[in-house]
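A short worksheet on the structure shown next.
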Amino acid sequence: MYRIPFNRPTLIGGEMDAVQQAVAAGKFSGDGAFTQKCHHLLEATLSVRRALLTTSCTHALEMAALLLDLQPGDEVIVPSFTFVSTVNAFVLRGAKPVFVDIRPDTLNIDERLIEAAITPRTRAIVVVHYAGVACEMIAIMDIAARRGIPVVEDNAHGLFGRYRGRQLGTIGALTSQSFHETKNFQCGEGGALLINDARYIERAEIIREKGTNRSRFFRGQVDKYTWVDVGSSYLPSDLLAAFLLTQLEAREEIQAKRRALWERYDAELSGWAAAQGVRPPVVPADCDQAYHMYYLLLPSLTARTALIDHLKARGILAVFHYLPLHLSDMGRAFGGQPGDCPVTEDLSDRLLRLPFYTNMTAEEQSEVIAAVQAFS
Ligand SMILES: *Cc1c(COP(=O)(O)O)cnc(C)c1O
């Protein structure tokens with residue numbers, strides 16, 4: 001029904017050859033040669049201590065919650081404007097989410113509000129680099145260091161983005177990545193845990209391998225493997241890793257394509273946006289963004305609904321994004337009230353994401369731009 005979808009999964013070329021090689025290699029389960037190559041690529045390109053592929057970003061976040069030893073009654077500081085998994089992974093361990101509002105410019109957690117949300121029970125500060133634009137990490141890491149609280153980066157949008165030259169995902173203690181088909185780099189369903197604080201490496205390998213020291217066994221460090229801790233099964237098939245490796249190796253091509261799409265939207269819609277009171281994305285000068293999405297902030301909910309309908313009538317799917325988590329059924333059960341996060345409540349009603357995917361053609365983008373410009 002939509003000629004131009006919001007997202008199209010990306011094939012950059014070579015994925016099927018890689019999967020065929022993985023099949024021929026005869027190892028279908030996790031941690032085969034392709035998984036190791038993905039780990040090495042992420043570790044080398046990001047300069048991160050350890051990278052571990054996971055079955056999803058959600059599972060990488062669950063691993064982070066296990067590694068931080070979260071207990072019932074512990075508190076975790078989270079933005080309200082995020083995907084449910086950013087919070088659910090910690091709630092699964094019995095932690096209580098403490099929702100913090102976002103900055104009106106980048107839509108990232110407002111670092112000026114974090115300190116007031118800290119209590120003696122706070123065990124983690126979880127940040128999301130929304131749209132692949134960095135949070136104010138200097139201020140956040142300063143608060144975290146002074147208060148002795150680890151930072152988790154949910155970097156699902158931000159792989160290969162930078163903040164003051166530093167790669168996103170390499171700043172906090174632990175980071176989650178997503179390789180879902182809606183993200184810049186994909187294998188359908190997949191993710192990674194990046195570990196910057198070396199104290200977590202050994203236990204992360206154990207948690208990911210069902211609570212066993214199987215990774216040490218395969219490295220020849222122990223002569224049999226056994227059950228040593230809690231854990232689950234968080235490693236993806238090597239077939240998926242083969243698919244993913246192709247895309248990670250093509251990262252410059254993928255990011256260049258996405259950058260060109262983003263910059264064209266921004267350039268060609270700026271006049272229309274100014275005339276309509278529409279705010280385009282803000283990317284601070286110290287952020288090299290990851291080109292994950294292109295969004296617009298409409299002047300009102302009514303205007304956003306009208307633009308969605310206008311585009312829909314032209315066969316184009318544009319979509320809103322996160323609903324405030326503190327006002328969801330679960331968020332309210334944790335005490336969330338209207339007015340707790342006023343910026344989140346306002347902006348989530350007015351944000352619209354335009355179709356944006358790596359292999360979007362120039363013609364498709366021309367159509368979207370013309371359709372938006374025809375709206376007033
Ligand atoms: C997509 C996304 C997730 C979840 O990713 P999965 O790999 O689907 O589990 C988590 N957090 C954010 C911010 C996301 O955008």
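In the structure tokens, the first chain shown is A, the next is B, and so on; residue numbers restart at 1 for each chain, and ligands run from 1 in the order shown.
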
Report as a PyMOL selection string which protein, DNA and RNA residues come within 8 Å of ligand 1, using only C-alpha atoms and all ligand atoms.
-> chain A and resi 55-60+82-86+128-130+154-157+176-180+182-183+189-191

Contacts of Gln276 of chain A within 12 Å, only C-alpha atoms, excl. fewer than 4 positions in-chain, as a PyMOL selection string = chain A and resi 269-272+280+296-300+303-304+307+372-376

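In terms of minimum interatomic distance to Phe356 of chain A, A:Arg8 ranks closest within A:Arg49, A:His310, A:Arg162, A:Arg8, counting only C-alpha atoms.
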
Once DSSP has gone over the backbone, tell me which residues of segment 185-316 of chain A are in helix (DSSP H, G or I), as an NGL selection string.
-> :A and (198-208 or 214-218 or 238-249 or 251-276 or 301-313)

Which polymer residues have any atom within 9 Å of an atom of segment 15-21 of chain A, counting only C-alpha atoms, with same-chain residues fewer than 4 positions away left out, as a PyMOL selection string?
-> chain A and resi 11+25-26+34+238-247

Go ahead and save the picked residues with C-alpha atoms, as a compact mmCIF listing (two decimals), in the first residue's frame.
```txt
# COMPACT_ATOMS: atom_id res chain seq x y z
CA LEU A 11 21.43 -5.65 1.27
CA ALA A 25 32.24 -24.15 6.95
CA GLY A 26 29.75 -26.42 8.70
CA PHE A 34 32.46 -15.12 11.36
CA ASP A 238 27.48 -17.82 12.92
CA LEU A 239 25.27 -17.65 9.80
CA LEU A 240 23.90 -14.33 11.01
CA ALA A 241 27.38 -13.17 11.93
CA ALA A 242 28.48 -13.86 8.33
CA PHE A 243 25.64 -11.67 7.04
CA LEU A 244 26.52 -8.95 9.55
CA LEU A 245 30.25 -9.05 8.84
CA THR A 246 29.59 -8.12 5.21
CA GLN A 247 27.75 -5.00 6.32
```

Give the answer as one residue: which of A:Ala313, A:Leu67, A:Val228, A:Cys341 has the shortest atom-to-atom distance to Arg214 of chain A, using only C-alpha atoms?
->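 Checking each of A:Ala313, A:Leu67, A:Val228, A:Cys341 against Arg214 of chain A, counting only C-alpha atoms, the winner is A:Val228.
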
Option closest in space to Asp110 of chain A, from A:Leu52, A:Ala95, A:Leu41, A:Ile77 [counting only C-alpha atoms] |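 When distances to Asp110 of chain A are compared using only C-alpha atoms, the smallest one comes from A:Ile77.
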
Excluding segment 359-366 of chain A and any residue of its chain fewer than 2 positions from it, enumerate the residues within 12 Å of it, using only C-alpha atoms, and give them as a ChimeraX atom specification.
-> /A:2-13,184,253-266,268-269,294,314-317,354-357,368-373

Secondary structure check, strand (DSSP E) residues of segment 256-312 of chain A, as a PyMOL selection string = chain A and resi 287-288+295-297

Kindly give the distance, in Å, that separates atom CA of Gly169 of chain A and atom CA of Leu61 of chain A, rounded to a single decimal.
->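 Atom-to-atom, atom CA of Gly169 of chain A and atom CA of Leu61 of chain A are spaced 12.8 Å apart.
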
Near-Tyr322 of chain A list (12 Å; only C-alpha atoms; drop same-chain fewer than 6 positions) as a PDB file with N, CA and C atoms, in the first residue's frame:
```
ATOM      1  N   PRO A  79      16.264   7.641  30.318  1.00  0.00           N
ATOM      2  CA  PRO A  79      15.385   8.625  29.688  1.00  0.00           C
ATOM      3  C   PRO A  79      14.002   8.018  29.514  1.00  0.00           C
ATOM      4  N   SER A  80      12.966   8.848  29.537  1.00  0.00           N
ATOM      5  CA  SER A  80      11.614   8.340  29.271  1.00  0.00           C
ATOM      6  C   SER A  80      11.410   8.178  27.771  1.00  0.00           C
ATOM      7  N   PHE A  81      12.169   8.972  26.997  1.00  0.00           N
ATOM      8  CA  PHE A  81      12.028   8.961  25.545  1.00  0.00           C
ATOM      9  C   PHE A  81      13.012   7.946  24.966  1.00  0.00           C
ATOM     10  N   THR A  82      12.619   6.671  24.981  1.00  0.00           N
ATOM     11  CA  THR A  82      13.478   5.621  24.440  1.00  0.00           C
ATOM     12  C   THR A  82      12.639   4.390  24.138  1.00  0.00           C
ATOM     13  N   PHE A  83      13.314   3.400  23.557  1.00  0.00           N
ATOM     14  CA  PHE A  83      12.677   2.116  23.289  1.00  0.00           C
ATOM     15  C   PHE A  83      12.518   1.356  24.609  1.00  0.00           C
ATOM     16  N   VAL A  84      11.489   0.563  24.687  1.00  0.00           N
ATOM     17  CA  VAL A  84      11.131  -0.112  25.928  1.00  0.00           C
ATOM     18  C   VAL A  84      12.272  -0.969  26.491  1.00  0.00           C
ATOM     19  N   SER A  85      13.094  -1.562  25.617  1.00  0.00           N
ATOM     20  CA  SER A  85      14.157  -2.456  26.098  1.00  0.00           C
ATOM     21  C   SER A  85      15.208  -1.744  26.940  1.00  0.00           C
ATOM     22  N   THR A  86      15.434  -0.458  26.668  1.00  0.00           N
ATOM     23  CA  THR A  86      16.415   0.304  27.443  1.00  0.00           C
ATOM     24  C   THR A  86      16.089   0.218  28.930  1.00  0.00           C
ATOM     25  N   LEU A 107      17.197  15.834  22.026  1.00  0.00           N
ATOM     26  CA  LEU A 107      16.257  14.796  22.483  1.00  0.00           C
ATOM     27  C   LEU A 107      16.972  13.687  23.267  1.00  0.00           C
ATOM     28  N   TYR A 130      20.252   9.445  20.938  1.00  0.00           N
ATOM     29  CA  TYR A 130      19.082   9.434  20.055  1.00  0.00           C
ATOM     30  C   TYR A 130      19.463   9.866  18.632  1.00  0.00           C
ATOM     31  N   ALA A 131      18.992   9.087  17.674  1.00  0.00           N
ATOM     32  CA  ALA A 131      19.263   9.339  16.250  1.00  0.00           C
ATOM     33  C   ALA A 131      20.760   9.287  15.929  1.00  0.00           C
ATOM     34  N   SER A 328       3.423   5.031  30.093  1.00  0.00           N
ATOM     35  CA  SER A 328       2.917   3.728  29.653  1.00  0.00           C
ATOM     36  C   SER A 328       2.288   3.015  30.858  1.00  0.00           C
ATOM     37  N   THR A 344       9.698  15.502  27.035  1.00  0.00           N
ATOM     38  CA  THR A 344       9.375  14.230  26.391  1.00  0.00           C
ATOM     39  C   THR A 344       7.898  14.206  25.974  1.00  0.00           C
ATOM     40  N   GLU A 345       7.034  14.622  26.897  1.00  0.00           N
ATOM     41  CA  GLU A 345       5.589  14.564  26.629  1.00  0.00           C
ATOM     42  C   GLU A 345       5.221  15.453  25.447  1.00  0.00           C
ATOM     43  N   ASP A 346       5.866  16.615  25.373  1.00  0.00           N
ATOM     44  CA  ASP A 346       5.579  17.552  24.276  1.00  0.00           C
ATOM     45  C   ASP A 346       6.158  17.028  22.950  1.00  0.00           C
ATOM     46  N   LEU A 347       7.443  16.708  22.943  1.00  0.00           N
ATOM     47  CA  LEU A 347       8.106  16.382  21.668  1.00  0.00           C
ATOM     48  C   LEU A 347       7.635  15.052  21.082  1.00  0.00           C
ATOM     49  N   SER A 348       7.275  14.106  21.940  1.00  0.00           N
ATOM     50  CA  SER A 348       6.872  12.807  21.377  1.00  0.00           C
ATOM     51  C   SER A 348       5.573  12.946  20.582  1.00  0.00           C
ATOM     52  N   ASP A 349       4.791  13.972  20.879  1.00  0.00           N
ATOM     53  CA  ASP A 349       3.565  14.248  20.109  1.00  0.00           C
ATOM     54  C   ASP A 349       3.841  14.924  18.771  1.00  0.00           C
ATOM     55  N   ARG A 350       5.028  15.504  18.623  1.00  0.00           N
ATOM     56  CA  ARG A 350       5.269  16.368  17.466  1.00  0.00           C
ATOM     57  C   ARG A 350       6.346  15.839  16.524  1.00  0.00           C
ATOM     58  N   LEU A 351       6.982  14.726  16.923  1.00  0.00           N
ATOM     59  CA  LEU A 351       8.103  14.225  16.119  1.00  0.00           C
ATOM     60  C   LEU A 351       7.620  13.296  15.005  1.00  0.00           C
ATOM     61  N   LEU A 352       8.171  13.499  13.832  1.00  0.00           N
ATOM     62  CA  LEU A 352       7.839  12.643  12.686  1.00  0.00           C
ATOM     63  C   LEU A 352       9.127  12.214  12.001  1.00  0.00           C
ATOM     64  N   ARG A 353       9.234  10.903  11.728  1.00  0.00           N
ATOM     65  CA  ARG A 353      10.425  10.386  11.030  1.00  0.00           C
ATOM     66  C   ARG A 353      10.086  10.137   9.564  1.00  0.00           C
TER      67      ARG A 353
END
```

If you measure from atom CA of Ala145 of chain A to atom CA of Ile125 of chain A, what distance in Å do you get, rounded to one decimal?
->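 Rounded to one decimal, the two atoms are 11.2 Å apart.
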
Computed interatomic separation between atom CA of Ser237 of chain A and atom CA of Arg93 of chain A (Å) |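 Value for the atom CA of Ser237 of chain A-atom CA of Arg93 of chain A distance: 26.0 Å.
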